[in-house]
Protein chains: 2
Amino acid sequence: MKILATGTTPARFASLPSWLMTQTAVHAHRLVSDGLAAVGVRGYHYRLLSVLDESGPASQAELGRRSGIHLSDLVAAINELADRKLVERAPDPVDRRRNVITITRAGRLLRRRLDKQLTKIQDELLAPLSPDERDQLTRLLARVLDHHTG
Amino acid sequence: MKILATGTTPARFASLPSWLMTQTAVHAHRLVSDGLAAVGVRGYHYRLLSVLDESGPASQAELGRRSGIHLSDLVAAINELADRKLVERAPDPVDRRRNVITITRAGRLLRRRLDKQLTKIQDELLAPLSPDERDQLTRLLARVLDHHTG
DNA sequence: CGGATCTCAGATACACTGACATAA
DNA sequence: CTTATGTCAGTGTATCTGAGATCC
């Protein structure tokens, strides 16, 4: 019973878009979360800081809609951000069900820092592609994503 | 304290390749694993069946290399496949450390069935793209993946 | 009442780490 | 002695389900 020692991925996968998407996403995720972990932050935290910084204060339900993070996961993520004084949680005076989440100065600074780091990481991620090809890939993926969210 | 009710993702994300990759992967994964779950199978199982069907019997270590599945996760996945008689696990006579994993006839049939289903799912996944654009996307992603695995 | 909001407990899939025993 | 293999226990991230309490 001879055992091949190639270590190669099946040909079938090499041209399966769903495979390519999930596998490149694994590498993208690894690069990104390594970058974030260096500052003690997870993807959820960065997403929330970005959303808050770009679109202003919001209730948790609204943050969930904007960030795509599940409501039940927001609680912990916001707790962690609030513990580090990156956001503030305050009751909404006009609707007592709601908390209004606001990014702090420290949160804004951290977001800028992470933003720059993330920009560098894109370069690492797309290293083998020319600038034109990077644009192509970005546009194609954006259209696919649009189709499945819109 | 007026709260915006847009529900839109930050502009920053829309052009971040790492974001687009991980988010499209979420949709790809959802479509694929819905398809697989209908037959009581996970991604790991399909990957293993494909690898075994295309490249023949292999030790678990070799399967790990071919499929990209971590060695410690292989044990459980192969147990589950063996319980359903989709693969067989036998000791290797020439190297007593090894198990030789072989796909069964039932495993091959299931793989073919899943393969067809997965092909249909690619269509759903890439619905907004023309055939040419699908090829472009596939090639670009393949190059990125190649760069990070090779 | 119906509907929205927040919270908490738990589950799953995928990937990874560390430790261990066994055998080449 | 070193390396490869298989197994087990556990961690972390992202996502989702379900149940509840509160308030509009």
# chains A, B, ... in the order shown; residues from 1 in each chain; ligands from 1
call {"tool": "interface_residues", "arguments": {"of": "chain B", "to": "chain C", "cutoff": "8 Å", "atoms": "only C-alpha atoms (C1' of nucleotides)", "output": "PyMOL selection string"}}
result
chain B and resi 70+95-97
call {"tool": "interface_residues", "arguments": {"of": "chain B", "to": "chain D", "cutoff": "8 Å", "atoms": "only C-alpha atoms (C1' of nucleotides)", "output": "PDB file with C-alpha atoms, in the first residue's frame"}}
result
ATOM      1  CA  GLN B  60      -3.435  10.945   8.537  1.00  0.00           C
ATOM      2  CA  ALA B  61      -0.349  13.129   8.537  1.00  0.00           C
ATOM      3  CA  SER B  72      -5.396  17.291  15.882  1.00  0.00           C
ATOM      4  CA  VAL B  75      -8.793  12.428  14.400  1.00  0.00           C
ATOM      5  CA  ARG B  97       2.857   4.375  13.535  1.00  0.00           C
ATOM      6  CA  ARG B  98       0.528   5.054  10.667  1.00  0.00           C
TER       7      ARG B  98
END
call {"tool": "interface_residues", "arguments": {"of": "chain A", "to": "chain B", "cutoff": "8 Å", "atoms": "only C-alpha atoms", "output": "JSON, numbers by chain"}}
result
{"A": [1, 3, 4, 5, 6, 7, 8, 9, 10, 14, 15, 16, 17, 18, 20, 21, 22, 23, 24, 25, 26, 27, 28, 29, 32, 50, 51, 54, 55, 56, 57, 58, 59, 62, 63, 65, 66, 67, 68, 92, 122, 125, 126, 127, 128, 129, 133, 137, 138, 140, 141, 142, 143, 144, 145, 147, 148]}
call {"tool": "select_by_dssp", "arguments": {"residues": "segment 97-126 of chain B", "states": "alpha helix (DSSP H)", "output": "PyMOL selection string"}}
result
chain B and resi 105-125
call {"tool": "write_last_selection", "arguments": {"atoms": "C-alpha atoms", "output": "JSON list (two decimals), in the first residue's frame"}}
result
[["chain", "number", "residue", "atom", "x", "y", "z"],
["B", 105, "ARG", "CA", -17.59, 3.10, -2.35],
["B", 106, "ALA", "CA", -20.22, 4.90, -0.29],
["B", 107, "GLY", "CA", -17.75, 7.70, 0.35],
["B", 108, "ARG", "CA", -17.03, 8.06, -3.36],
["B", 109, "LEU", "CA", -20.72, 8.23, -4.17],
["B", 110, "LEU", "CA", -21.33, 10.86, -1.53],
["B", 111, "ARG", "CA", -18.39, 12.87, -2.78],
["B", 112, "ARG", "CA", -19.76, 12.91, -6.32],
["B", 113, "ARG", "CA", -23.12, 14.01, -5.04],
["B", 114, "LEU", "CA", -21.62, 16.81, -2.96],
["B", 115, "ASP", "CA", -19.42, 17.83, -5.85],
["B", 116, "LYS", "CA", -22.41, 18.46, -8.07],
["B", 117, "GLN", "CA", -24.17, 20.38, -5.36],
["B", 118, "LEU", "CA", -21.09, 22.52, -4.76],
["B", 119, "THR", "CA", -20.87, 23.34, -8.44],
["B", 120, "LYS", "CA", -24.38, 24.72, -8.33],
["B", 121, "ILE", "CA", -23.57, 26.74, -5.27],
["B", 122, "GLN", "CA", -20.72, 28.52, -7.10],
["B", 123, "ASP", "CA", -23.36, 29.87, -9.42],
["B", 124, "GLU", "CA", -25.35, 31.30, -6.58],
["B", 125, "LEU", "CA", -22.24, 32.72, -4.99]]
call {"tool": "atom_distance", "arguments": {"atom1": "atom CA of Leu36 of chain A", "atom2": "atom CA of Leu49 of chain A"}}
result
12.5 Å
call {"tool": "closest_residue", "arguments": {"among": "B:Ser130, B:Arg30, B:Leu71, B:Val87", "to": "His45 of chain B", "atoms": "only C-alpha atoms"}}
result
B:Val87
call {"tool": "atom_distance", "arguments": {"atom1": "atom CA of Glu80 of chain B", "atom2": "atom CA of Asn99 of chain B"}}
result
15.3 Å
